[in-house]
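Coordinates from coords01.cif are shown below (mmCIF, C-alpha atoms).
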```cif
data_final
loop_
_atom_site.label_atom_id
_atom_site.label_comp_id
_atom_site.auth_asym_id
_atom_site.auth_seq_id
_atom_site.Cartn_x
_atom_site.Cartn_y
_atom_site.Cartn_z
CA MET V 162 94.73 83.28 105.41
CA LYS V 163 91.93 84.95 107.32
CA GLY V 164 89.66 87.44 105.62
CA PHE V 165 90.92 90.63 107.24
CA LYS V 166 93.73 92.95 106.40
CA ILE V 167 97.14 92.05 107.81
CA PRO V 168 99.00 95.08 109.18
CA GLU V 169 102.00 96.05 107.09
CA ALA V 170 104.16 96.07 110.22
CA THR V 171 103.24 92.42 110.81
CA VAL V 172 104.34 91.44 107.30
CA THR V 173 107.60 93.33 107.73
CA ARG V 174 108.22 91.55 111.03
CA LEU V 175 107.48 88.17 109.41
CA SER V 176 110.31 88.95 107.03
CA VAL V 177 112.55 89.75 110.00
CA TYR V 178 111.46 86.61 111.91
CA SER V 179 112.25 84.55 108.86
CA ARG V 180 115.80 85.87 108.66
CA CYS V 181 116.11 85.27 112.39
CA LEU V 182 115.01 81.65 111.87
CA ASP V 183 117.83 81.31 109.31
CA LEU V 184 120.27 82.00 112.13
CA PHE V 185 118.59 79.43 114.40
CA GLU V 186 118.73 76.89 111.54
CA GLU V 187 122.43 77.62 111.02
CA LYS V 188 123.04 76.99 114.72
CA GLY V 189 121.25 73.65 114.37
CA GLU V 190 118.33 74.52 116.66
CA GLU V 191 115.25 72.37 116.09
CA THR V 192 112.71 74.29 118.16
CA VAL V 193 112.44 77.89 119.24
CA SER V 194 110.04 79.70 121.53
CA SER V 195 108.45 83.07 120.83
CA SER V 196 110.81 84.37 123.56
CA ASP V 197 113.87 83.08 121.70
CA ILE V 198 112.81 84.95 118.58
CA ALA V 199 111.72 88.03 120.52
CA LYS V 200 115.03 88.25 122.39
CA GLN V 201 116.97 88.30 119.11
CA LEU V 202 114.89 91.11 117.72
CA GLY V 203 114.05 93.40 120.59
CA VAL V 204 110.30 92.80 120.42
CA THR V 205 108.03 91.15 123.01
CA PRO V 206 107.18 87.42 122.84
CA ALA V 207 103.49 88.46 122.77
CA GLN V 208 104.17 90.45 119.60
CA VAL V 209 105.74 87.43 117.92
CA ARG V 210 102.79 85.21 118.89
CA LYS V 211 100.26 87.83 117.76
CA ASP V 212 101.97 88.32 114.39
CA LEU V 213 102.07 84.58 113.72
CA ALA V 214 98.49 84.06 114.93
CA TYR V 215 97.20 86.06 111.94
CA PHE V 216 98.14 83.10 109.79
CA GLY V 217 97.17 80.13 111.96
CA GLU V 218 98.52 77.97 114.78
CA PHE V 219 102.16 77.07 114.19
CA GLY V 220 103.54 76.31 117.64
CA THR V 221 102.97 73.79 120.39
CA ARG V 222 102.28 75.18 123.86
CA GLY V 223 105.23 74.55 126.16
CA ILE V 224 107.46 73.35 123.32
CA GLY V 225 107.50 76.22 120.88
CA TYR V 226 107.88 76.26 117.14
CA ASN V 227 109.66 73.79 114.92
CA VAL V 228 112.32 76.00 113.33
CA ASN V 229 112.24 74.41 109.91
CA GLY V 230 108.47 74.08 109.83
CA LEU V 231 107.85 77.66 110.88
CA GLN V 232 110.42 78.90 108.38
CA LYS V 233 108.67 77.05 105.55
CA GLN V 234 105.30 78.46 106.60
CA ILE V 235 106.56 82.03 106.76
CA LEU V 236 108.31 81.77 103.40
CA LYS V 237 105.06 80.48 101.92
CA ILE V 238 103.06 83.33 103.50
CA LEU V 239 105.54 85.84 102.08
CA GLY V 240 105.25 84.22 98.66
CA LEU V 241 108.91 83.19 98.76
CA ASN V 242 108.17 79.59 97.84
CA LYS V 243 107.90 80.91 94.28
CA GLU V 244 110.57 82.13 91.89
CA TRP V 245 111.12 85.88 91.83
CA ASN V 246 113.18 87.32 89.04
CA VAL V 247 114.05 90.95 89.55
CA ALA V 248 114.91 93.57 86.96
CA ILE V 249 116.86 96.63 88.01
CA ILE V 250 116.13 99.61 85.81
CA GLY V 251 118.86 102.21 86.09
CA ALA V 252 122.50 101.10 86.24
CA GLY V 253 123.79 104.22 88.00
CA ASN V 254 125.52 104.07 91.34
CA LEU V 255 122.38 103.05 93.26
CA GLY V 256 121.20 100.51 90.68
CA SER V 257 124.66 98.95 90.50
CA ALA V 258 124.80 98.77 94.28
CA LEU V 259 121.44 97.04 94.46
CA PHE V 260 122.67 94.61 91.82
CA PHE V 261 125.46 93.51 94.15
CA TYR V 262 123.40 93.73 97.35
CA LYS V 263 123.55 90.30 99.02
CA GLY V 264 120.43 90.91 101.11
CA PHE V 265 118.18 90.22 98.11
CA LYS V 266 120.01 87.08 96.97
CA GLU V 267 120.02 85.66 100.51
CA ARG V 268 116.23 85.77 100.40
CA GLY V 269 116.06 83.93 97.09
CA PHE V 270 115.49 86.95 94.86
CA LYS V 271 117.34 86.54 91.60
CA ILE V 272 118.55 89.68 89.85
CA ALA V 273 117.73 88.53 86.32
CA GLY V 274 118.64 91.66 84.39
CA ILE V 275 119.87 95.24 84.70
CA PHE V 276 118.78 97.92 82.25
CA ASP V 277 119.81 101.45 81.31
CA ASN V 278 119.16 103.81 78.41
CA ASP V 279 122.58 105.48 78.54
CA SER V 280 124.61 104.35 75.50
CA ARG V 281 127.80 104.61 77.58
CA LYS V 282 126.45 101.97 79.96
CA ILE V 283 124.61 99.62 77.58
CA GLY V 284 126.69 96.53 76.81
CA ARG V 285 129.03 97.09 79.76
CA LYS V 286 129.51 94.19 82.17
CA ILE V 287 128.30 94.37 85.74
CA GLY V 288 129.12 91.26 87.73
CA ASP V 289 128.03 88.32 85.54
CA LYS V 290 125.48 90.41 83.59
CA THR V 291 125.58 92.80 80.66
CA ILE V 292 123.65 96.05 80.95
CA ILE V 293 120.71 95.86 78.58
CA ASP V 294 119.18 98.74 76.61
CA THR V 295 115.95 99.74 78.36
CA LYS V 296 114.14 99.85 75.03
CA TYR V 297 114.24 96.03 74.95
CA PHE V 298 112.75 95.78 78.45
CA ALA V 299 109.42 94.15 77.47
CA LYS V 300 111.18 91.50 75.41
CA TYR V 301 113.54 90.58 78.25
CA VAL V 302 110.72 90.49 80.80
CA ILE V 303 109.34 87.51 78.88
CA GLU V 304 112.70 85.93 78.10
CA LEU V 305 114.08 86.23 81.65
CA LYS V 306 110.70 85.60 83.35
CA ILE V 307 111.02 88.89 85.23
CA ASN V 308 108.22 89.46 87.76
CA LEU V 309 109.57 92.24 89.99
CA GLY V 310 111.07 95.60 89.12
CA ILE V 311 113.43 97.88 90.99
CA VAL V 312 113.39 101.40 89.58
CA ALA V 313 116.61 103.28 90.33
CA VAL V 314 116.44 106.14 87.84
CA PRO V 315 116.51 109.91 88.44
CA ALA V 316 113.25 111.38 89.78
CA VAL V 317 112.30 113.04 86.48
CA TYR V 318 112.29 109.70 84.67
CA ALA V 319 110.63 107.68 87.44
CA GLN V 320 107.01 107.90 86.22
CA GLU V 321 107.77 106.99 82.61
CA THR V 322 110.01 104.15 83.75
CA VAL V 323 107.33 102.76 86.07
CA ASP V 324 104.79 103.08 83.23
CA MET V 325 107.06 100.99 81.03
CA VAL V 326 107.56 98.38 83.77
CA VAL V 327 103.80 98.16 84.35
CA LYS V 328 103.13 97.89 80.61
CA ALA V 329 105.49 94.92 80.47
CA GLY V 330 103.20 93.14 82.93
CA ILE V 331 105.18 93.51 86.18
CA LYS V 332 102.91 93.60 89.26
CA GLY V 333 105.45 94.54 91.94
CA ILE V 334 107.84 97.49 91.90
CA ILE V 335 110.21 99.24 94.29
CA ASN V 336 110.87 102.86 93.36
CA PHE V 337 113.93 104.59 94.81
CA ALA V 338 113.17 107.99 93.26
CA PRO V 339 111.76 110.63 95.64
CA VAL V 340 108.50 111.15 93.78
CA SER V 341 105.01 109.76 94.05
CA ILE V 342 104.12 107.57 91.13
CA ASN V 343 100.72 106.78 89.63
CA ILE V 344 100.10 103.08 89.11
CA PRO V 345 97.09 100.91 88.27
CA ASP V 346 95.23 99.32 91.19
CA ASP V 347 96.54 95.84 90.48
CA VAL V 348 100.20 96.88 90.78
CA MET V 349 101.97 97.04 94.13
CA LEU V 350 104.57 99.78 94.42
CA ARG V 351 106.76 100.63 97.40
CA ARG V 352 108.87 103.75 97.60
CA VAL V 353 112.21 103.65 99.39
CA ASP V 354 113.45 107.17 99.98
CA LEU V 355 116.90 107.05 101.53
CA ALA V 356 117.41 110.81 101.80
CA ALA V 357 114.01 111.23 103.48
CA GLN V 358 115.07 108.65 106.08
CA LEU V 359 118.13 110.73 106.93
CA GLU V 360 116.04 113.89 106.98
CA LEU V 361 113.54 112.37 109.42
CA ILE V 362 116.55 111.96 111.70
CA THR V 363 117.92 115.48 111.20
CA PHE V 364 114.40 116.89 111.67
CA ASN V 365 114.13 115.18 115.05
CA ILE V 366 117.65 116.05 116.22
CA ASN V 367 117.05 119.66 115.17
CA LYS V 368 113.73 119.75 117.02
CA GLU V 369 115.32 118.34 120.19
CA GLU V 370 118.06 120.96 120.05
CA GLN V 371 115.50 123.75 119.71
CA ILE V 372 113.54 122.44 122.70
CA HIS V 373 116.70 122.37 124.80
CA GLN V 374 117.63 125.87 123.72
CA ASN V 375 114.26 127.29 124.80
CA MET F 60 107.09 124.91 115.71
CA LYS F 61 103.82 124.16 117.44
CA GLY F 62 103.70 122.03 120.55
CA PHE F 63 102.18 118.86 119.08
CA LYS F 64 103.70 115.89 117.41
CA ILE F 65 104.25 116.20 113.67
CA PRO F 66 103.27 113.02 111.80
CA GLU F 67 106.23 111.15 110.37
CA ALA F 68 104.52 111.06 106.97
CA THR F 69 104.38 114.87 106.99
CA VAL F 70 108.11 115.12 107.64
CA THR F 71 108.81 112.63 104.85
CA ARG F 72 106.63 114.65 102.48
CA LEU F 73 108.43 117.87 103.47
CA SER F 74 111.61 116.19 102.29
CA VAL F 75 109.90 115.31 99.00
CA TYR F 76 108.43 118.83 98.61
CA SER F 77 111.87 120.25 99.14
CA ARG F 78 113.37 118.17 96.33
CA CYS F 79 110.42 119.17 94.17
CA LEU F 80 111.16 122.84 94.90
CA ASP F 81 114.73 122.22 93.68
CA LEU F 82 113.24 121.39 90.28
CA PHE F 83 111.09 124.55 90.29
CA GLU F 84 114.18 126.59 91.22
CA GLU F 85 116.14 125.00 88.38
CA LYS F 86 113.36 125.97 85.98
CA GLY F 87 113.58 129.55 87.26
CA GLU F 88 110.08 129.62 88.78
CA GLU F 89 109.65 132.30 91.44
CA THR F 90 106.29 131.29 92.88
CA VAL F 91 104.43 127.99 93.05
CA SER F 92 100.97 127.08 94.25
CA SER F 93 100.12 124.07 96.39
CA SER F 94 98.54 122.65 93.20
CA ASP F 95 101.83 122.99 91.30
CA ILE F 96 103.64 121.00 93.98
CA ALA F 97 100.79 118.51 94.38
CA LYS F 98 100.64 117.81 90.64
CA GLN F 99 104.33 116.93 90.55
CA LEU F 100 104.00 114.48 93.40
CA GLY F 101 100.62 112.82 93.03
CA VAL F 102 99.20 114.20 96.28
CA THR F 103 96.30 116.63 96.76
CA PRO F 104 96.85 120.40 97.08
CA ALA F 105 95.02 120.19 100.44
CA GLN F 106 97.63 117.71 101.65
CA VAL F 107 100.46 120.09 100.72
CA ARG F 108 98.76 122.99 102.51
CA LYS F 109 98.01 120.87 105.58
CA ASP F 110 101.60 119.60 105.81
CA LEU F 111 103.04 123.10 105.56
CA ALA F 112 100.49 124.53 107.99
CA TYR F 113 102.05 122.51 110.82
CA PHE F 114 104.97 124.89 110.68
CA GLY F 115 103.31 128.26 110.07
CA GLU F 116 101.97 130.40 107.24
CA PHE F 117 104.30 130.41 104.27
CA GLY F 118 102.11 131.27 101.31
CA THR F 119 100.02 134.20 100.13
CA ARG F 120 96.42 133.44 99.21
CA GLY F 121 95.90 133.70 95.45
CA ILE F 122 99.63 134.01 94.75
CA GLY F 123 101.15 130.90 96.29
CA TYR F 124 104.54 130.30 97.79
CA ASN F 125 107.79 132.02 97.02
CA VAL F 126 109.91 129.09 95.78
CA ASN F 127 113.17 130.21 97.30
CA GLY F 128 111.60 131.35 100.56
CA LEU F 129 109.62 128.14 101.05
CA GLN F 130 112.68 126.06 100.22
CA LYS F 131 114.74 127.86 102.86
CA GLN F 132 111.99 127.38 105.45
CA ILE F 133 111.65 123.67 104.74
CA LEU F 134 115.40 123.10 104.83
CA LYS F 135 115.47 124.87 108.19
CA ILE F 136 112.59 122.76 109.53
CA LEU F 137 114.40 119.59 108.41
CA GLY F 138 117.57 120.80 110.11
CA LEU F 139 119.37 121.00 106.78
CA ASN F 140 120.63 124.53 107.38
CA LYS F 141 123.28 122.85 109.53
CA GLU F 142 126.28 120.78 108.56
CA TRP F 143 125.76 117.02 108.62
CA ASN F 144 128.80 114.81 108.38
CA VAL F 145 127.97 111.18 107.85
CA ALA F 146 130.02 108.12 108.73
CA ILE F 147 129.33 104.87 106.92
CA ILE F 148 130.26 101.85 109.02
CA GLY F 149 130.69 98.78 106.87
CA ALA F 150 132.45 99.08 103.52
CA GLY F 151 130.85 96.01 101.95
CA ASN F 152 128.78 96.21 98.80
CA LEU F 153 125.93 98.11 100.44
CA GLY F 154 128.17 100.51 102.40
CA SER F 155 130.24 101.24 99.29
CA ALA F 156 127.09 101.87 97.29
CA LEU F 157 125.76 104.30 99.88
CA PHE F 158 129.14 106.05 99.79
CA PHE F 159 128.63 106.79 96.11
CA TYR F 160 124.88 107.44 96.34
CA LYS F 161 124.26 110.93 94.94
CA GLY F 162 120.90 111.30 96.70
CA PHE F 163 122.63 112.08 100.01
CA LYS F 164 125.12 114.57 98.56
CA GLU F 165 122.38 116.39 96.65
CA ARG F 166 120.72 117.10 100.00
CA GLY F 167 123.90 118.48 101.50
CA PHE F 168 124.90 115.41 103.50
CA LYS F 169 128.66 114.98 103.44
CA ILE F 170 130.02 111.46 103.66
CA ALA F 171 132.94 112.29 105.94
CA GLY F 172 134.34 108.83 106.51
CA ILE F 173 133.85 105.13 105.76
CA PHE F 174 134.90 102.47 108.25
CA ASP F 175 135.40 98.71 108.28
CA ASN F 176 137.10 96.19 110.57
CA ASP F 177 138.19 93.85 107.77
CA SER F 178 141.97 94.10 107.37
CA ARG F 179 141.58 93.43 103.62
CA LYS F 180 139.49 96.58 103.29
CA ILE F 181 141.21 98.94 105.73
CA GLY F 182 143.50 101.37 103.90
CA ARG F 183 141.90 100.71 100.53
CA LYS F 184 140.68 103.71 98.55
CA ILE F 185 137.00 104.25 97.89
CA GLY F 186 136.33 107.34 95.78
CA ASP F 187 138.35 110.14 97.41
CA LYS F 188 138.44 108.44 100.82
CA THR F 189 140.48 105.72 102.49
CA ILE F 190 138.63 103.04 104.43
CA ILE F 191 139.40 103.58 108.12
CA ASP F 192 139.78 100.87 110.77
CA THR F 193 136.57 100.83 112.82
CA LYS F 194 138.61 100.69 116.04
CA TYR F 195 139.54 104.36 115.50
CA PHE F 196 135.90 105.37 115.04
CA ALA F 197 135.58 107.56 118.18
CA LYS F 198 138.75 109.48 117.32
CA TYR F 199 137.56 110.20 113.77
CA VAL F 200 134.09 111.24 114.95
CA ILE F 201 135.77 114.17 116.68
CA GLU F 202 138.32 114.87 113.96
CA LEU F 203 135.81 114.73 111.07
CA LYS F 204 132.95 116.30 113.09
CA ILE F 205 130.76 113.29 112.32
CA ASN F 206 127.18 113.67 113.58
CA LEU F 207 125.25 110.97 111.68
CA GLY F 208 125.97 107.28 111.25
CA ILE F 209 124.92 104.79 108.59
CA VAL F 210 125.36 101.22 109.79
CA ALA F 211 125.78 98.79 106.88
CA VAL F 212 127.22 95.75 108.63
CA PRO F 213 125.91 92.16 108.75
CA ALA F 214 122.96 91.62 111.10
CA VAL F 215 124.99 89.79 113.75
CA TYR F 216 127.29 92.80 114.23
CA ALA F 217 124.59 95.47 114.03
CA GLN F 218 123.94 95.88 117.77
CA GLU F 219 127.60 96.14 118.77
CA THR F 220 128.25 98.54 115.90
CA VAL F 221 125.34 100.77 116.90
CA ASP F 222 126.56 100.65 120.52
CA MET F 223 129.95 101.90 119.36
CA VAL F 224 128.38 104.67 117.25
CA VAL F 225 126.21 105.78 120.19
CA LYS F 226 129.20 105.71 122.56
CA ALA F 227 131.04 108.05 120.20
CA GLY F 228 128.25 110.60 120.73
CA ILE F 229 126.28 110.21 117.49
CA LYS F 230 122.56 111.01 117.95
CA GLY F 231 121.19 109.89 114.58
CA ILE F 232 121.67 106.51 112.94
CA ILE F 233 120.32 104.60 109.95
CA ASN F 234 120.63 100.83 110.31
CA PHE F 235 120.41 98.68 107.19
CA ALA F 236 120.64 95.36 109.04
CA PRO F 237 117.37 93.43 109.42
CA VAL F 238 117.38 93.38 113.22
CA SER F 239 115.86 95.53 115.92
CA ILE F 240 118.45 97.48 117.83
CA ASN F 241 118.37 98.79 121.40
CA ILE F 242 119.34 102.43 121.70
CA PRO F 243 119.17 105.10 124.41
CA ASP F 244 116.15 107.42 124.38
CA ASP F 245 118.11 110.39 123.14
CA VAL F 246 119.29 108.63 119.98
CA MET F 247 117.18 108.51 116.82
CA LEU F 248 117.52 105.33 114.82
CA ARG F 249 115.75 104.41 111.59
CA ARG F 250 115.87 100.96 110.07
CA VAL F 251 115.86 100.57 106.31
CA ASP F 252 115.13 96.96 105.42
CA LEU F 253 115.38 96.53 101.67
CA ALA F 254 114.55 92.81 101.58
CA ALA F 255 111.47 93.37 103.75
CA GLN F 256 110.26 95.97 101.23
CA LEU F 257 110.46 93.41 98.43
CA GLU F 258 108.77 90.81 100.64
CA LEU F 259 105.86 93.14 101.39
CA ILE F 260 105.35 93.18 97.64
CA THR F 261 105.64 89.42 97.15
CA PHE F 262 103.33 88.89 100.14
CA ASN F 263 100.66 91.03 98.49
CA ILE F 264 101.08 89.58 95.00
CA ASN F 265 100.90 86.08 96.49
CA LYS F 266 97.76 86.97 98.46
CA GLU F 267 96.07 88.40 95.36
CA GLU F 268 96.87 85.26 93.40
CA GLN F 269 95.37 83.09 96.14
CA ILE F 270 92.19 85.16 96.19
CA HIS F 271 91.83 84.85 92.41
CA GLN F 272 92.39 81.10 92.58
CA ASN F 273 89.58 80.66 95.11
#
```
Written as structure tokens, how would this file's structure read?
Amino acid sequence: MKGFKIPEATVTRLSVYSRCLDLFEEKGEETVSSSDIAKQLGVTPAQVRKDLAYFGEFGTRGIGYNVNGLQKQILKILGLNKEWNVAIIGAGNLGSALFFYKGFKERGFKIAGIFDNDSRKIGRKIGDKTIIDTKYFAKYVIELKINLGIVAVPAVYAQETVDMVVKAGIKGIINFAPVSINIPDDVMLRRVDLAAQLELITFNINKEEQIHQN
Amino acid sequence: MKGFKIPEATVTRLSVYSRCLDLFEEKGEETVSSSDIAKQLGVTPAQVRKDLAYFGEFGTRGIGYNVNGLQKQILKILGLNKEWNVAIIGAGNLGSALFFYKGFKERGFKIAGIFDNDSRKIGRKIGDKTIIDTKYFAKYVIELKINLGIVAVPAVYAQETVDMVVKAGIKGIINFAPVSINIPDDVMLRRVDLAAQLELITFNINKEEQIHQN
């Protein structure tokens, strides 16, 4: 990896390219060109080549990329050649949904445990797992080798939940609550705010309508 | 609204401020300062003031903002003073989860209908709704006054599903499939890619580990 910062958008596209390569692998394709990938994803071939060039030379001019080889390289770059065991904290409707979400499993993420502090939920079955009392979180992080956390608790509990996850030694967290969270420098946290995504859309539709009315 | 482009991050923060104001309203607060809001959200008071200043002067120097008044203004800016009826297309595990997700309802979004083309799902109950055959989508868009679409179908069907949603006259769409989608200029589409969010985290953790090993 070169010594400069990789744009976040490039990393996100690598993840998309990788899932695209899955489809090429399923179809039995051995080589693909940057155009083949680009066409599937609505980006330009130059973008694909530029994104991959951050990490080295993977293709052969005039031939393209070896599907399997490129896939392995991308998975390695994304850290997906390692084992990732995910804890979901919050077994409400969103947490339960994420538990069953196939998109994580397809990428090799293992949902190792789901936690809640509501006595009505603790001990209840969800899929093949039993909802664990959040107070035993640190213990289960060790036992289940958990190294990623998904926080799906109400906004008011988000900071204390993240604090607990960080204290248990987790370095990567997704937070679904619509609040900013303070974390130590060595922890990576991403916020996914589903309502804000919808509101970015309504903001823009509303703005367009106002322009057309004036 | 002034004539220049509002940064996307500002709009997203408006949505967060608005949910923060809900909490102040619940607590019975009548006025808040930019510091009060900032403290709740881990941003600076200057950021709050700058974000709000895009849209006019809402506060009174030395007193702050009227909670209820500011909330109404923000909701209006975000277009949330109108009725938004959402269709979910795809009643798989993710679509079903989004159907039950309280975060949308809390913001006034009404899930008006859920659609699928799988004969095993069509006609089945989900909450208070019956899963509708996707082939009747256009008809139900009119009947249920649907004006937003959430596409939660497998990646290979995402483009054709979005095409159908656009054809039915919907101007705002969230796509959960990990593919880029072509849309007309007058349609606003946002992609939410949950696996890519996790992979941004694993990418960074992996990179850190490599740096520390060298």
Sorted by chain and rising residue number, list the residues of chain F at most 6 Å from chain V (counting only C-alpha atoms), each with its closest atom pair and distance in Å to one decimal, as a Markdown table.
```
| residue | atom | partner | partner_atom | distance |
| --- | --- | --- | --- | --- |
| F:Thr71 | CA | V:Ala357 | CA | 5.6 |
| F:Ser74 | CA | V:Ala357 | CA | 5.6 |
| F:Leu100 | CA | V:Ser341 | CA | 4.9 |
| F:Gly101 | CA | V:Ser341 | CA | 5.4 |
| F:Leu137 | CA | V:Phe364 | CA | 4.2 |
| F:Gly138 | CA | V:Asn367 | CA | 5.2 |
| F:Leu153 | CA | V:Tyr262 | CA | 5.9 |
| F:Ala156 | CA | V:Ala258 | CA | 4.9 |
| F:Tyr160 | CA | V:Leu255 | CA | 5.9 |
| F:Phe163 | CA | V:Ala356 | CA | 5.7 |
| F:Gly231 | CA | V:Ile362 | CA | 5.8 |
| F:Val238 | CA | V:Leu202 | CA | 5.6 |
| F:Ser239 | CA | V:Leu202 | CA | 4.9 |
| F:Ala254 | CA | V:Phe265 | CA | 5.7 |
| F:Ala255 | CA | V:Thr173 | CA | 5.6 |
| F:Ile260 | CA | V:Gly333 | CA | 5.9 |
| F:Thr261 | CA | V:Gly240 | CA | 5.4 |
| F:Phe262 | CA | V:Leu239 | CA | 4.2 |
| F:Asn265 | CA | V:Gly240 | CA | 5.2 |
```
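Atom to atom, CA of Ile307 in chain V and CA of Ile292 in chain V stand 15.1 Å apart.
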### Message
Rounded to one decimal, what separation in Å do you get between CA of Pro168 in chain V and CA of His271 in chain F?
### Response
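Taking CA of Pro168 in chain V as the start and CA of His271 in chain F as the end point, the length is 20.9 Å.
For the pair CA of Val302 in chain V and CA of Lys282 in chain V, the interatomic distance is 19.5 Å.
Selection by the PyMOL selection byres ((chain V and resi 251) around 7) on the present file picks out Ile249, Ile250, Ala252, Gly253, Gly256, Phe276, Asp277, Val312, Ala313 and Val314 of chain V.
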Ground truth for the PyMOL selection byres ((chain V and resi 329) around 9), written as an mmCIF file with C-alpha atoms, in the coordinates of the input:
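As a result, out-v6.cif now contains:
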```
data_model
loop_
_atom_site.group_PDB
_atom_site.id
_atom_site.type_symbol
_atom_site.label_atom_id
_atom_site.label_comp_id
_atom_site.auth_asym_id
_atom_site.auth_seq_id
_atom_site.Cartn_x
_atom_site.Cartn_y
_atom_site.Cartn_z
ATOM 1 C CA PHE V 298 112.750 95.780 78.450
ATOM 2 C CA ALA V 299 109.420 94.150 77.470
ATOM 3 C CA LYS V 300 111.180 91.500 75.410
ATOM 4 C CA VAL V 302 110.720 90.490 80.800
ATOM 5 C CA ILE V 303 109.340 87.510 78.880
ATOM 6 C CA ASP V 324 104.790 103.080 83.230
ATOM 7 C CA MET V 325 107.060 100.990 81.030
ATOM 8 C CA VAL V 326 107.560 98.380 83.770
ATOM 9 C CA VAL V 327 103.800 98.160 84.350
ATOM 10 C CA LYS V 328 103.130 97.890 80.610
ATOM 11 C CA GLY V 330 103.200 93.140 82.930
ATOM 12 C CA ILE V 331 105.180 93.510 86.180
#
```
### Query
Which residue, F:Glu219, F:Asp95, F:Asp187, F:Glu202, has the smallest gap to Gly123 in chain F when you use all atoms listed in the file?
F:Asp95
Please give the centre and size of the box around range 268-273 of chain F (axis-aligned, containing every atom listed in the file, 3 Å added per side), with values in Å to one decimal and written as AutoDock Vina command-line options.
```
--center_x 93.2 --center_y 83.0 --center_z 94.3 --size_x 13.3 --size_y 10.6 --size_z 9.8
```
### Task
Quick one: apply the PyMOL selection byres ((chain V and resi 186) around 12) to the file and drop the selected residues here as JSON, numbers by chain.
{"V": [179, 180, 181, 182, 183, 184, 185, 187, 188, 189, 190, 191, 192, 193, 227, 228, 229, 230, 231, 232, 233]}
Written file, previous selection with C-alpha atoms, as a PDB file, keeping the file's coordinate frame:
```
ATOM      1  CA  SER V 179     112.250  84.550 108.860  1.00  0.00           C
ATOM      2  CA  ARG V 180     115.800  85.870 108.660  1.00  0.00           C
ATOM      3  CA  CYS V 181     116.110  85.270 112.390  1.00  0.00           C
ATOM      4  CA  LEU V 182     115.010  81.650 111.870  1.00  0.00           C
ATOM      5  CA  ASP V 183     117.830  81.310 109.310  1.00  0.00           C
ATOM      6  CA  LEU V 184     120.270  82.000 112.130  1.00  0.00           C
ATOM      7  CA  PHE V 185     118.590  79.430 114.400  1.00  0.00           C
ATOM      8  CA  GLU V 187     122.430  77.620 111.020  1.00  0.00           C
ATOM      9  CA  LYS V 188     123.040  76.990 114.720  1.00  0.00           C
ATOM     10  CA  GLY V 189     121.250  73.650 114.370  1.00  0.00           C
ATOM     11  CA  GLU V 190     118.330  74.520 116.660  1.00  0.00           C
ATOM     12  CA  GLU V 191     115.250  72.370 116.090  1.00  0.00           C
ATOM     13  CA  THR V 192     112.710  74.290 118.160  1.00  0.00           C
ATOM     14  CA  VAL V 193     112.440  77.890 119.240  1.00  0.00           C
ATOM     15  CA  ASN V 227     109.660  73.790 114.920  1.00  0.00           C
ATOM     16  CA  VAL V 228     112.320  76.000 113.330  1.00  0.00           C
ATOM     17  CA  ASN V 229     112.240  74.410 109.910  1.00  0.00           C
ATOM     18  CA  GLY V 230     108.470  74.080 109.830  1.00  0.00           C
ATOM     19  CA  LEU V 231     107.850  77.660 110.880  1.00  0.00           C
ATOM     20  CA  GLN V 232     110.420  78.900 108.380  1.00  0.00           C
ATOM     21  CA  LYS V 233     108.670  77.050 105.550  1.00  0.00           C
TER      22      LYS V 233
END
```
### Task
Would you mind telling me which residue in F:Phe114, F:Gly167, F:Asp192, F:Ala146 lies nearest to Ile133 in chain F when using all atoms listed in the file?
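Closest to Ile133 in chain F, using all atoms listed in the file: F:Phe114.
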Restore N, CA, C and O atoms in range 177-182 of chain V and list the result as a PDB file, keeping the file's coordinate frame.
```pdb
ATOM      1  N   VAL V 177     111.449  89.712 109.025  1.00  0.00           N
ATOM      2  CA  VAL V 177     112.550  89.750 110.000  1.00  0.00           C
ATOM      3  C   VAL V 177     112.625  88.428 110.768  1.00  0.00           C
ATOM      4  O   VAL V 177     113.706  87.872 110.954  1.00  0.00           O
ATOM      5  N   TYR V 178     111.479  87.901 111.197  1.00  0.00           N
ATOM      6  CA  TYR V 178     111.460  86.610 111.910  1.00  0.00           C
ATOM      7  C   TYR V 178     112.100  85.531 111.055  1.00  0.00           C
ATOM      8  O   TYR V 178     112.852  84.693 111.536  1.00  0.00           O
ATOM      9  N   SER V 179     111.764  85.568 109.766  1.00  0.00           N
ATOM     10  CA  SER V 179     112.250  84.550 108.860  1.00  0.00           C
ATOM     11  C   SER V 179     113.776  84.576 108.773  1.00  0.00           C
ATOM     12  O   SER V 179     114.436  83.532 108.795  1.00  0.00           O
ATOM     13  N   ARG V 180     114.340  85.786 108.712  1.00  0.00           N
ATOM     14  CA  ARG V 180     115.800  85.870 108.660  1.00  0.00           C
ATOM     15  C   ARG V 180     116.422  85.470 109.996  1.00  0.00           C
ATOM     16  O   ARG V 180     117.523  84.940 110.064  1.00  0.00           O
ATOM     17  N   CYS V 181     115.668  85.709 111.075  1.00  0.00           N
ATOM     18  CA  CYS V 181     116.110  85.270 112.390  1.00  0.00           C
ATOM     19  C   CYS V 181     116.112  83.738 112.464  1.00  0.00           C
ATOM     20  O   CYS V 181     117.038  83.128 113.004  1.00  0.00           O
ATOM     21  N   LEU V 182     115.088  83.121 111.884  1.00  0.00           N
ATOM     22  CA  LEU V 182     115.010  81.650 111.870  1.00  0.00           C
ATOM     23  C   LEU V 182     116.175  81.042 111.090  1.00  0.00           C
ATOM     24  O   LEU V 182     116.660  79.962 111.425  1.00  0.00           O
TER      25      LEU V 182
END
```
